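K.L.:
First the structure, then my questions, so here it is.
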Amino acid sequence: MAVAGEPFSYLAAGPEEGDLVLCLHGFPDVAATWAPVMEELSGRGFRVVAPAMRGYAPSTLRGPFDPVRLGEDVLGFVDVLSPGRPAAVVGHDWGAVATYVAAMLAPERLSRIATLAIPHPLAFRSVFTDPAQARRSWYIGFFQLPWAPEVALRRGDWALVERLWRRWSPGLEPPPTHLREVRRCFEASMPAPIDYYRALLRRAPRVAAAALRLSLRLAVPCLYLHGADDGCVSAEVARGHERWFEGELAAELVPAAGHFLHLERPREVAARIAEWLA
């Protein structure tokens, strides 16, 4: 599909007439990560679409990659796929960030949202003040460096990507076919996937300017799911983030699941999302 004149690839499942559910992936991942959840949701009558996010081939590799641009992309997906009626959005990791921002930009265009692993962006600021979370998030600072992250990621057939998966979801054995797809995507996409992190600082003035005109307290009803064993973002980071929600918020800890909880517990996660959307 074309959004604002730029191409985006996507996976789709479910009846054309079903209510739209957008599923947005994060880092380091691809749209196919949603396949098990898509199967469950489409079987319940939803039209489920999982785009390859900006910066992930074969979607556009053009920036900028700041959170405001990502939120605008989400609203563009809704315009194309669900013209005339609001859509539901489910986001994991950076997909969750894009979901929050879209809900801030145009709450009337989203019916309900579900976010996985990343709390409200203002709650996530603790990454800069909590020593334990700062250690978990070491890669954010590393990705600010020129050329070194690209070299480190490519070394050993993208071995660092697999190490991140295993550290962030210690109970998950990543499907080899899925990791191969992630490697192929990164080979075709670099450095765009890590430019998301660089945009946090380099595009900070644009984000700050946008924040001044946005309602940072979310009115769209939100389901928040976090894996109890998440090795990337501690569940403690979300403590107190309910103050950033005006609308209904349901926050739940998923046991025996790490950062990629939608792959570890797909039926449980999909069932909870379906219940929420219904």
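How things are named: the first chain in the structure tokens is A, the next is B, and so on; residues count from 1 in each chain; ligands count from 1 in the order shown.
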Please list as a ChimeraX atom specification every residue within 7 Å of region 184-193 of chain A, counting only C-alpha atoms and excluding residues in the same chain fewer than 4 positions away.

P.N.:
/A:55-57,61,150,180

K.L.:
Using only C-alpha atoms, which residues of region 137-233 of chain A come within 7 Å of region 254-264 of chain A, and what is the closest atom pair for each, with the distance in Å to one decimal? Give it as JSON lines, sorted by chain and residue number.

P.N.:
{"residue": "A:Trp168", "atom": "CA", "partner": "A:His259", "partner_atom": "CA", "distance": 5.4}
{"residue": "A:Ser169", "atom": "CA", "partner": "A:Gly258", "partner_atom": "CA", "distance": 4.2}
{"residue": "A:Pro170", "atom": "CA", "partner": "A:Gly258", "partner_atom": "CA", "distance": 6.7}
{"residue": "A:Gly171", "atom": "CA", "partner": "A:Ala257", "partner_atom": "CA", "distance": 6.9}
{"residue": "A:Leu172", "atom": "CA", "partner": "A:Glu264", "partner_atom": "CA", "distance": 6.1}
{"residue": "A:Leu225", "atom": "CA", "partner": "A:Val254", "partner_atom": "CA", "distance": 6.6}
{"residue": "A:His226", "atom": "CA", "partner": "A:Val254", "partner_atom": "CA", "distance": 5.9}
{"residue": "A:Gly227", "atom": "CA", "partner": "A:Ala257", "partner_atom": "CA", "distance": 4.6}
{"residue": "A:Ala228", "atom": "CA", "partner": "A:Pro255", "partner_atom": "CA", "distance": 5.1}
{"residue": "A:Asp229", "atom": "CA", "partner": "A:Gly258", "partner_atom": "CA", "distance": 4.4}
{"residue": "A:Asp230", "atom": "CA", "partner": "A:Gly258", "partner_atom": "CA", "distance": 3.8}
{"residue": "A:Gly231", "atom": "CA", "partner": "A:Gly258", "partner_atom": "CA", "distance": 6.5}
{"residue": "A:Cys232", "atom": "CA", "partner": "A:His259", "partner_atom": "CA", "distance": 6.3}

K.L.:
Just write the chosen residues, N, CA, C and O atoms, as a compact mmCIF listing (two decimals), in the first residue's frame.

P.N.:
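Output saved as out-v1.txt:
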# COMPACT_ATOMS: atom_id res chain seq x y z
N TRP A 168 16.38 -10.97 25.86
CA TRP A 168 15.13 -10.25 26.14
C TRP A 168 13.97 -11.21 26.41
O TRP A 168 13.05 -10.86 27.12
N SER A 169 14.01 -12.40 25.81
CA SER A 169 12.99 -13.42 26.06
C SER A 169 13.70 -14.72 26.42
O SER A 169 13.82 -15.63 25.59
N PRO A 170 14.22 -14.83 27.65
CA PRO A 170 15.06 -15.99 28.00
C PRO A 170 14.34 -17.33 27.93
O PRO A 170 14.99 -18.37 27.81
N GLY A 171 13.02 -17.35 27.99
CA GLY A 171 12.29 -18.61 27.93
C GLY A 171 11.85 -19.00 26.54
O GLY A 171 11.22 -20.05 26.36
N LEU A 172 12.18 -18.19 25.55
CA LEU A 172 11.75 -18.44 24.18
C LEU A 172 12.88 -19.02 23.36
O LEU A 172 14.01 -18.52 23.39
N LEU A 225 0.03 -4.97 28.06
CA LEU A 225 0.51 -6.29 28.45
C LEU A 225 2.03 -6.27 28.54
O LEU A 225 2.71 -5.73 27.65
N HIS A 226 2.55 -6.88 29.60
CA HIS A 226 4.01 -6.91 29.80
C HIS A 226 4.41 -8.29 30.29
O HIS A 226 3.78 -8.85 31.20
N GLY A 227 5.44 -8.87 29.67
CA GLY A 227 5.93 -10.17 30.09
C GLY A 227 6.65 -10.10 31.43
O GLY A 227 7.49 -9.22 31.64
N ALA A 228 6.33 -11.03 32.30
CA ALA A 228 6.92 -11.02 33.64
C ALA A 228 8.43 -11.23 33.60
O ALA A 228 9.15 -10.80 34.50
N ASP A 229 8.93 -11.90 32.55
CA ASP A 229 10.35 -12.22 32.46
C ASP A 229 11.07 -11.38 31.41
O ASP A 229 12.10 -11.79 30.87
N ASP A 230 10.54 -10.20 31.11
CA ASP A 230 11.11 -9.34 30.08
C ASP A 230 12.54 -8.92 30.46
O ASP A 230 12.76 -8.29 31.49
N GLY A 231 13.51 -9.29 29.61
CA GLY A 231 14.90 -8.94 29.85
C GLY A 231 15.32 -7.65 29.21
O GLY A 231 16.46 -7.22 29.36
N CYS A 232 14.41 -7.00 28.50
CA CYS A 232 14.71 -5.73 27.85
C CYS A 232 14.16 -4.55 28.66
O CYS A 232 14.87 -3.59 28.94

K.L.:
With a distance cut-off of 10 Å and only C-alpha atoms, select the neighbouring residues of Trp276 (chain A), excluding the residue or stretch itself and same-chain residues fewer than 2 positions from it, and output the selection as a list in words.

P.N.:
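Counting only the stated atoms, we get Arg112, Ile113, Ala114, Pro221, Cys222, Leu223, Ala250, Ala270, Ala271, Arg272, Ile273, Ala274 and Ala278 of chain A.
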
K.L.:
Those residues you just picked out, can you put them in a file as a PDB file, in the first residue's frame with C-alpha atoms?

P.N.:
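selection.pdb, freshly written:
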ATOM      1  CA  ARG A 112      -9.052   0.899  20.999  1.00  0.00           C
ATOM      2  CA  ILE A 113      -5.368   0.129  21.361  1.00  0.00           C
ATOM      3  CA  ALA A 114      -3.266  -2.616  22.905  1.00  0.00           C
ATOM      4  CA  PRO A 221      -8.955   2.894  25.801  1.00  0.00           C
ATOM      5  CA  CYS A 222      -5.720   0.929  26.196  1.00  0.00           C
ATOM      6  CA  LEU A 223      -4.818  -2.644  27.125  1.00  0.00           C
ATOM      7  CA  ALA A 250      -6.179  -2.337  31.700  1.00  0.00           C
ATOM      8  CA  ALA A 270      -4.459 -12.950  21.207  1.00  0.00           C
ATOM      9  CA  ALA A 271      -7.393 -14.055  23.356  1.00  0.00           C
ATOM     10  CA  ARG A 272      -6.861 -11.152  25.749  1.00  0.00           C
ATOM     11  CA  ILE A 273      -6.570  -8.685  22.855  1.00  0.00           C
ATOM     12  CA  ALA A 274      -9.707 -10.082  21.188  1.00  0.00           C
ATOM     13  CA  ALA A 278     -14.784  -6.857  21.513  1.00  0.00           C
TER      14      ALA A 278
END

K.L.:
Please provide the set of residues having any atom within 12 Å of Val101 (chain A), restricted to only C-alpha atoms, with same-chain residues fewer than 2 positions apart removed, written as a PyMOL selection string.

P.N.:
chain A and resi 66-75+89+91+94-99+103-107+110+113+115+120-122+207+210-211+214-220

K.L.:
Could you write out the selected residues, including N, CA, C and O atoms, as a short mmCIF file (atom, residue, chain, number, x, y, z; two decimals), in the first residue's frame?

P.N.:
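Writing done, so here's selection_16.cif:
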data_model
loop_
_atom_site.label_atom_id
_atom_site.label_comp_id
_atom_site.auth_asym_id
_atom_site.auth_seq_id
_atom_site.Cartn_x
_atom_site.Cartn_y
_atom_site.Cartn_z
N ASP A 66 11.56 9.50 13.67
CA ASP A 66 11.20 9.94 15.02
C ASP A 66 9.79 9.45 15.36
O ASP A 66 9.00 9.10 14.47
N PRO A 67 9.43 9.44 16.65
CA PRO A 67 8.12 8.91 17.05
C PRO A 67 6.94 9.62 16.39
O PRO A 67 5.91 8.98 16.13
N VAL A 68 7.06 10.91 16.13
CA VAL A 68 5.95 11.63 15.49
C VAL A 68 5.72 11.10 14.08
O VAL A 68 4.58 10.86 13.67
N ARG A 69 6.78 10.90 13.34
CA ARG A 69 6.65 10.35 11.98
C ARG A 69 6.03 8.95 12.03
O ARG A 69 5.19 8.60 11.19
N LEU A 70 6.42 8.14 13.00
CA LEU A 70 5.87 6.79 13.12
C LEU A 70 4.38 6.84 13.44
O LEU A 70 3.60 6.05 12.90
N GLY A 71 3.99 7.75 14.33
CA GLY A 71 2.57 7.90 14.64
C GLY A 71 1.77 8.36 13.43
O GLY A 71 0.65 7.91 13.20
N GLU A 72 2.36 9.24 12.62
CA GLU A 72 1.70 9.69 11.40
C GLU A 72 1.54 8.55 10.41
O GLU A 72 0.53 8.47 9.70
N ASP A 73 2.53 7.65 10.37
CA ASP A 73 2.41 6.46 9.51
C ASP A 73 1.20 5.62 9.93
O ASP A 73 0.44 5.14 9.07
N VAL A 74 1.02 5.44 11.23
CA VAL A 74 -0.10 4.63 11.71
C VAL A 74 -1.42 5.23 11.25
O VAL A 74 -2.32 4.52 10.76
N LEU A 75 -1.56 6.53 11.37
CA LEU A 75 -2.78 7.19 10.93
C LEU A 75 -2.95 7.08 9.42
O LEU A 75 -4.08 6.97 8.91
N VAL A 89 -5.55 -0.70 17.06
CA VAL A 89 -4.12 -0.83 16.80
C VAL A 89 -3.47 -1.58 17.95
O VAL A 89 -3.73 -1.30 19.13
N GLY A 91 0.41 -2.69 19.21
CA GLY A 91 1.81 -2.41 18.94
C GLY A 91 2.73 -3.03 19.97
O GLY A 91 2.44 -3.02 21.17
N TRP A 94 8.78 -0.76 19.46
CA TRP A 94 8.62 0.49 18.73
C TRP A 94 7.22 0.61 18.13
O TRP A 94 6.71 1.73 17.95
N GLY A 95 6.59 -0.51 17.82
CA GLY A 95 5.21 -0.46 17.37
C GLY A 95 4.29 0.08 18.44
O GLY A 95 3.29 0.75 18.14
N ALA A 96 4.62 -0.17 19.72
CA ALA A 96 3.84 0.40 20.82
C ALA A 96 4.04 1.91 20.88
O ALA A 96 3.08 2.67 21.10
N VAL A 97 5.27 2.36 20.69
CA VAL A 97 5.54 3.80 20.68
C VAL A 97 4.72 4.48 19.58
O VAL A 97 4.07 5.51 19.80
N ALA A 98 4.74 3.89 18.38
CA ALA A 98 3.96 4.45 17.27
C ALA A 98 2.48 4.48 17.60
O ALA A 98 1.76 5.43 17.24
N THR A 99 1.99 3.46 18.29
CA THR A 99 0.58 3.38 18.67
C THR A 99 0.22 4.50 19.65
O THR A 99 -0.80 5.19 19.48
N ALA A 103 -2.36 7.70 18.93
CA ALA A 103 -3.49 7.97 19.81
C ALA A 103 -3.46 9.40 20.35
O ALA A 103 -4.50 9.98 20.65
N MET A 104 -2.26 9.96 20.50
CA MET A 104 -2.14 11.35 20.92
C MET A 104 -2.49 12.31 19.78
O MET A 104 -3.14 13.33 19.99
N LEU A 105 -2.04 11.96 18.57
CA LEU A 105 -2.25 12.84 17.42
C LEU A 105 -3.71 12.92 17.01
O LEU A 105 -4.21 14.00 16.67
N ALA A 106 -4.40 11.79 16.99
CA ALA A 106 -5.78 11.76 16.47
C ALA A 106 -6.58 10.67 17.18
O ALA A 106 -6.87 9.62 16.59
N PRO A 107 -6.95 10.89 18.43
CA PRO A 107 -7.65 9.85 19.19
C PRO A 107 -8.97 9.43 18.56
O PRO A 107 -9.40 8.28 18.73
N LEU A 110 -8.85 6.16 16.28
CA LEU A 110 -8.54 4.85 16.85
C LEU A 110 -9.65 4.47 17.82
O LEU A 110 -10.03 5.25 18.70
N ILE A 113 -6.75 0.52 21.62
CA ILE A 113 -5.37 0.13 21.36
C ILE A 113 -4.94 -0.92 22.38
O ILE A 113 -5.50 -1.02 23.47
N THR A 115 -1.02 -2.29 23.76
CA THR A 115 0.42 -2.10 23.65
C THR A 115 1.14 -3.17 24.46
O THR A 115 0.69 -3.55 25.54
N HIS A 120 3.68 3.82 28.51
CA HIS A 120 3.55 5.17 27.99
C HIS A 120 4.94 5.82 27.89
O HIS A 120 5.76 5.67 28.80
N PRO A 121 5.24 6.51 26.79
CA PRO A 121 6.59 7.06 26.60
C PRO A 121 7.08 7.92 27.75
O PRO A 121 8.28 7.93 28.05
N LEU A 122 6.20 8.65 28.43
CA LEU A 122 6.65 9.48 29.54
C LEU A 122 7.02 8.63 30.74
O LEU A 122 7.87 9.02 31.55
N VAL A 207 10.19 16.48 18.05
CA VAL A 207 9.33 15.75 18.97
C VAL A 207 8.84 16.67 20.08
O VAL A 207 7.67 16.66 20.47
N ALA A 210 6.16 18.94 18.78
CA ALA A 210 4.90 18.22 18.63
C ALA A 210 4.23 18.00 19.99
O ALA A 210 3.01 18.12 20.12
N ALA A 211 5.04 17.70 21.00
CA ALA A 211 4.49 17.44 22.33
C ALA A 211 3.74 18.64 22.88
O ALA A 211 2.76 18.50 23.61
N LEU A 214 0.19 18.45 21.59
CA LEU A 214 -0.53 17.20 21.76
C LEU A 214 -1.08 17.07 23.18
O LEU A 214 -0.55 17.65 24.13
N SER A 215 -2.12 16.28 23.31
CA SER A 215 -2.55 15.84 24.62
C SER A 215 -1.77 14.57 24.97
O SER A 215 -1.96 13.53 24.34
N LEU A 216 -0.85 14.70 25.91
CA LEU A 216 -0.01 13.55 26.25
C LEU A 216 -0.73 12.54 27.13
O LEU A 216 -0.25 11.44 27.33
N ARG A 217 -1.87 12.92 27.66
CA ARG A 217 -2.71 11.98 28.42
C ARG A 217 -3.67 11.30 27.44
O ARG A 217 -4.44 11.96 26.75
N LEU A 218 -3.60 9.98 27.37
CA LEU A 218 -4.32 9.23 26.35
C LEU A 218 -5.78 9.04 26.70
O LEU A 218 -6.12 8.58 27.81
N ALA A 219 -6.64 9.36 25.74
CA ALA A 219 -8.08 9.18 25.92
C ALA A 219 -8.56 7.86 25.31
O ALA A 219 -9.63 7.37 25.69
N VAL A 220 -7.80 7.28 24.39
CA VAL A 220 -8.20 6.04 23.74
C VAL A 220 -8.05 4.88 24.73
O VAL A 220 -7.00 4.73 25.36
#

K.L.:
Identify, on the basis of only C-alpha atoms, every residue whose closest approach to Ala12 (chain A) does not exceed 8 Å; exclude the query and any residue fewer than 6 positions from it along the same chain; express the result as a list of chain:residue names.

P.N.:
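Counting only C-alpha atoms, the residues come to A:Arg47, A:Val48, A:Val49, A:Ala50.
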
K.L.:
Taking into account only C-alpha atoms, which residue in the set A:Pro28, A:Pro7, A:Pro146, A:Pro15 is nearest to Arg166 (chain A)?

P.N.:
A:Pro28

K.L.:
Between A:Pro86, A:Gly5, A:Gly14, A:Gly247, single out the one closest to Ser42 (chain A), counting only C-alpha atoms.

P.N.:
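So, comparing all the options, the nearest one is A:Gly14.
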
K.L.:
Figure out the distance between CA of Ile118 (chain A) and CA of Trp244 (chain A), please, to one decimal in Å.

P.N.:
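Separation of CA of Trp244 (chain A) and CA of Ile118 (chain A): 13.6 Å.
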
K.L.:
Give me the residues near Phe124 (chain A) as a ChimeraX atom specification, where near means some atom within 12 Å (using only C-alpha atoms) and where sequence neighbours in that chain fewer than 5 positions away do not count.

P.N.:
/A:93,96-97,117-119,129-130,133-134,137,233-241,244

K.L.:
Keeping only C-alpha atoms, write the selected residues as a JSON list (two decimals), in the first residue's frame.

P.N.:
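Now in result-v4.json:
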[["chain", "number", "residue", "atom", "x", "y", "z"],
["A", 93, "ASP", "CA", 8.15, -2.35, 21.27],
["A", 96, "ALA", "CA", 3.84, 0.40, 20.82],
["A", 97, "VAL", "CA", 5.54, 3.80, 20.68],
["A", 117, "ALA", "CA", 6.27, -4.40, 26.47],
["A", 118, "ILE", "CA", 6.63, -0.59, 26.32],
["A", 119, "PRO", "CA", 4.65, 1.63, 28.71],
["A", 129, "THR", "CA", 17.23, 7.61, 35.76],
["A", 130, "ASP", "CA", 16.97, 3.98, 36.90],
["A", 133, "GLN", "CA", 16.94, -0.26, 33.46],
["A", 134, "ALA", "CA", 19.79, 1.85, 32.06],
["A", 137, "SER", "CA", 18.97, -0.36, 27.67],
["A", 233, "VAL", "CA", 12.24, -3.56, 29.76],
["A", 234, "SER", "CA", 11.54, -4.26, 33.40],
["A", 235, "ALA", "CA", 7.89, -4.45, 34.33],
["A", 236, "GLU", "CA", 8.75, -1.94, 37.07],
["A", 237, "VAL", "CA", 9.17, 0.74, 34.40],
["A", 238, "ALA", "CA", 5.40, 0.81, 33.94],
["A", 239, "ARG", "CA", 4.74, 1.43, 37.64],
["A", 240, "GLY", "CA", 2.62, 4.56, 37.94],
["A", 241, "HIS", "CA", 2.14, 5.07, 34.21],
["A", 244, "TRP", "CA", -0.84, 9.36, 31.70]]

K.L.:
Ranking A:Trp34, A:Leu200, A:Phe46, A:Val269 by minimum distance to Arg125 (chain A) and counting only C-alpha atoms, which one comes first?

P.N.:
A:Leu200

K.L.:
So which one's closest to Met1 (chain A), A:Val78, A:Val182, A:Ile194, A:Ala152? Using only C-alpha atoms, please.

P.N.:
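The answer is A:Val78, which sits nearest to Met1 (chain A).
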
K.L.:
Between CA of Cys23 (chain A) and CA of Glu40 (chain A), what is the spacing in Å?

P.N.:
12.7 Å

K.L.:
At a cut-off of 10 Å, using only C-alpha atoms, what residues contact Val80 (chain A)? Leave out same-chain residues fewer than 6 positions from it and give the result as a list in words.

P.N.:
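The neighbour list is Met1, Ala2, Val3 and Ala4 of chain A.
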
K.L.:
Would you mind writing down, as a list in words, each residue of region 25-228 of chain A that DSSP on the backbone assigns to strand (DSSP E or B)?

P.N.:
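Filtering region 25-228 of chain A down to strand (DSSP E or B) leaves Arg47, Val48, Val49, Ala50, Pro51, Ala87, Ala88, Val89, Val90, Gly91, His92, Leu110, Ser111, Arg112, Ile113, Ala114, Thr115, Leu116, Leu218, Cys222, Leu223, Tyr224, Leu225, His226 and Gly227 of chain A.
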
K.L.:
From a DSSP pass on the backbone, collect the residues of region 48-236 of chain A flagged as alpha helix (DSSP H) and hand them back as number ranges by chain.

P.N.:
A: 67-81, 94-105, 131-136, 138-142, 148-168, 176-189, 192-202, 204-213

K.L.:
Determine the nearest neighbour of Arg62 (chain A) from the options A:Gly43, A:Glu248, A:Phe8, A:Thr33, counting only C-alpha atoms.

P.N.:
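Once distances to Arg62 (chain A) are computed over only C-alpha atoms, the minimum belongs to A:Phe8.
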
K.L.:
Of the residues A:Phe142, A:Tyr10, A:Trp165, A:Tyr100, which is the one nearest to Arg198 (chain A), using only C-alpha atoms?

P.N.:
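Closest residue, counting only C-alpha atoms: A:Phe142.
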
K.L.:
To one decimal place in Å, what is the distance between CA of Ala87 (chain A) and CA of Leu22 (chain A)?

P.N.:
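Separating CA of Ala87 (chain A) from CA of Leu22 (chain A) is a distance of 7.5 Å.
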